[in-house]
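Accompanying notes for the structure given below.
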Amino acid sequence: MSTHYESVQVATLYPDAFSVAAPASPVGRGVWPRQPGVFIRQSVLPADAATDPDKPAPEPPARELVAGQFGLVPRWVKSASDAKLRSTKLVNARSEVVTTSNNFRDAWLAGQRCIVPMMAFLEDDWRSGKAVPTRIARVDGKPMGVAGLWESWTGAEGEVIISYTLLTVNANSHALMHRYQQSGNEKRMLAILNEGAFDAWLGARPEKAREFMRACPANWLTANPVEQSR
């Protein structure tokens, strides 16, 4: 599981790389489960934009940056305490089961897809027999956009939690990512999107969205051991 990633700290990278404004409030450099982060989703068009024949055809929906909790809270969760317990375990969503999992099905079918901006993510390298935290980033040093799902949960007392999860794909045969995570388990990696596919991912129909669930080429990425701090 990818449970820790580095947020984008340089404000100008948000409009440059993702065509959205930078966060109004600073995001912590390291994002862990149940901590605040940001994600990008498709802006909602005005209700009459597609129905008024006297108005010109609307432009494709723009993107917007939204603050949320890392770790999805399904809308059927009954209480805030249950939300707290479940969200810690729902920071990753296996792309192969999003249409059958009770945790993610509603968000997937509702088209609640998002892009999570980050500079890098961390994985443990167990080849030495102990966990060595390793920073995975783009070779060119640019931020990456990871495919995700978002959800809005409202409790009985009116409390609202906006949350998100990172989608993953199989990495057993990936030239780089097969090295990480514990041996004996299926290897997984985040679904990193190509910049040119951002709008297509956000606007795709659910049945087409699966086409974006691919492992990115190993030569796009670089891996370096780091001292993990929290």
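In the structure tokens, chains take letters A, B, ... by order of appearance, with residues numbered from 1 within each chain and ligands from 1 in the order shown.
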
_as a ChimeraX atom specification, please: every residue in stretch 33-170 of chain A that DSSP puts in alpha helix (DSSP H)._
/A:80-89,105-109

Can you write just those residues out, N, CA and C atoms, as a compact mmCIF listing (two decimals), in the first residue's frame?
# COMPACT_ATOMS: atom_id res chain seq x y z
N ALA A 80 -19.19 9.09 12.83
CA ALA A 80 -17.87 9.69 12.67
C ALA A 80 -16.78 8.77 13.20
N SER A 81 -17.07 8.04 14.27
CA SER A 81 -16.07 7.12 14.83
C SER A 81 -15.79 5.97 13.86
N ASP A 82 -16.84 5.47 13.20
CA ASP A 82 -16.65 4.42 12.20
C ASP A 82 -15.89 4.98 11.00
N ALA A 83 -16.19 6.22 10.63
CA ALA A 83 -15.49 6.87 9.53
C ALA A 83 -14.00 6.95 9.82
N LYS A 84 -13.65 7.26 11.04
CA LYS A 84 -12.25 7.38 11.44
C LYS A 84 -11.53 6.04 11.30
N LEU A 85 -12.19 4.96 11.71
CA LEU A 85 -11.58 3.64 11.64
C LEU A 85 -11.42 3.17 10.20
N ARG A 86 -12.46 3.35 9.39
CA ARG A 86 -12.44 2.83 8.03
C ARG A 86 -11.49 3.61 7.12
N SER A 87 -11.44 4.93 7.27
CA SER A 87 -10.67 5.75 6.34
C SER A 87 -9.19 5.41 6.36
N THR A 88 -8.67 5.02 7.52
CA THR A 88 -7.26 4.68 7.62
C THR A 88 -6.91 3.49 6.72
N LYS A 89 -7.86 2.59 6.52
CA LYS A 89 -7.63 1.40 5.71
C LYS A 89 -7.99 1.61 4.24
N ARG A 105 -17.47 1.41 -4.87
CA ARG A 105 -18.38 1.29 -6.02
C ARG A 105 -19.19 2.57 -6.26
N ASP A 106 -19.74 3.15 -5.20
CA ASP A 106 -20.59 4.34 -5.37
C ASP A 106 -19.81 5.49 -6.00
N ALA A 107 -18.60 5.73 -5.51
CA ALA A 107 -17.80 6.83 -6.04
C ALA A 107 -17.41 6.57 -7.49
N TRP A 108 -17.05 5.33 -7.81
CA TRP A 108 -16.66 5.01 -9.19
C TRP A 108 -17.83 5.17 -10.15
N LEU A 109 -18.97 4.61 -9.83
CA LEU A 109 -20.12 4.67 -10.72
C LEU A 109 -20.69 6.07 -10.84

Extract, using only C-alpha atoms, all DNA, RNA and protein residues at most 6 Å from stretch 145-162 of chain A, discarding same-chain residues fewer than 6 positions from it, and format them as a CSV table (one decimal) with N, CA and C atoms, in the first residue's frame.
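Listed below is the output, around-v5.csv:
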chain,number,residue,atom,x,y,z
A,68,GLY,N,-9.3,17.9,1.2
A,68,GLY,CA,-10.0,16.7,1.7
A,68,GLY,C,-9.1,15.8,2.6
A,75,ARG,N,-20.0,6.7,1.7
A,75,ARG,CA,-21.2,7.5,2.1
A,75,ARG,C,-22.1,6.7,3.0
A,112,GLN,N,-17.0,10.0,-9.6
A,112,GLN,CA,-16.3,10.9,-8.7
A,112,GLN,C,-14.8,10.6,-8.7
A,113,ARG,N,-14.2,10.8,-9.9
A,113,ARG,CA,-12.8,10.6,-10.1
A,113,ARG,C,-12.0,11.8,-9.8
A,114,CYS,N,-10.8,11.7,-9.5
A,114,CYS,CA,-10.0,12.9,-9.2
A,114,CYS,C,-8.5,12.6,-9.5
A,115,ILE,N,-7.7,13.6,-9.4
A,115,ILE,CA,-6.3,13.6,-9.6
A,115,ILE,C,-5.6,14.1,-8.4
A,116,VAL,N,-4.7,13.3,-7.8
A,116,VAL,CA,-4.0,13.7,-6.6
A,116,VAL,C,-2.6,14.2,-7.0
A,117,PRO,N,-2.4,15.5,-6.8
A,117,PRO,CA,-1.0,16.0,-7.1
A,117,PRO,C,0.0,15.7,-6.1
A,191,ALA,N,-1.6,4.4,-9.8
A,191,ALA,CA,-2.0,4.7,-11.2
A,191,ALA,C,-1.6,6.1,-11.6
A,192,ILE,N,-0.4,6.3,-12.1
A,192,ILE,CA,0.1,7.6,-12.4
A,192,ILE,C,-0.4,8.0,-13.8
A,193,LEU,N,-1.0,9.2,-14.0
A,193,LEU,CA,-1.6,9.6,-15.2
A,193,LEU,C,-0.7,10.4,-16.1

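Nearest residue to A:Leu166 among A:Arg63, A:Arg29, A:Arg188, A:Arg127 is A:Arg188, counting only C-alpha atoms.
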
*So, counting only C-alpha atoms, which residue among A:Val73, A:Val20, A:Val169, A:Val44 is closest to A:Glu186?*
A:Val169

*asked:* Calculated over only C-alpha atoms, which of the candidates A:Asn194, A:Leu122, A:Phe18, A:Arg41 has the smallest distance to A:Pro61?
replied: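 The shortest atom-to-atom distance to A:Pro61 comes from A:Arg41.
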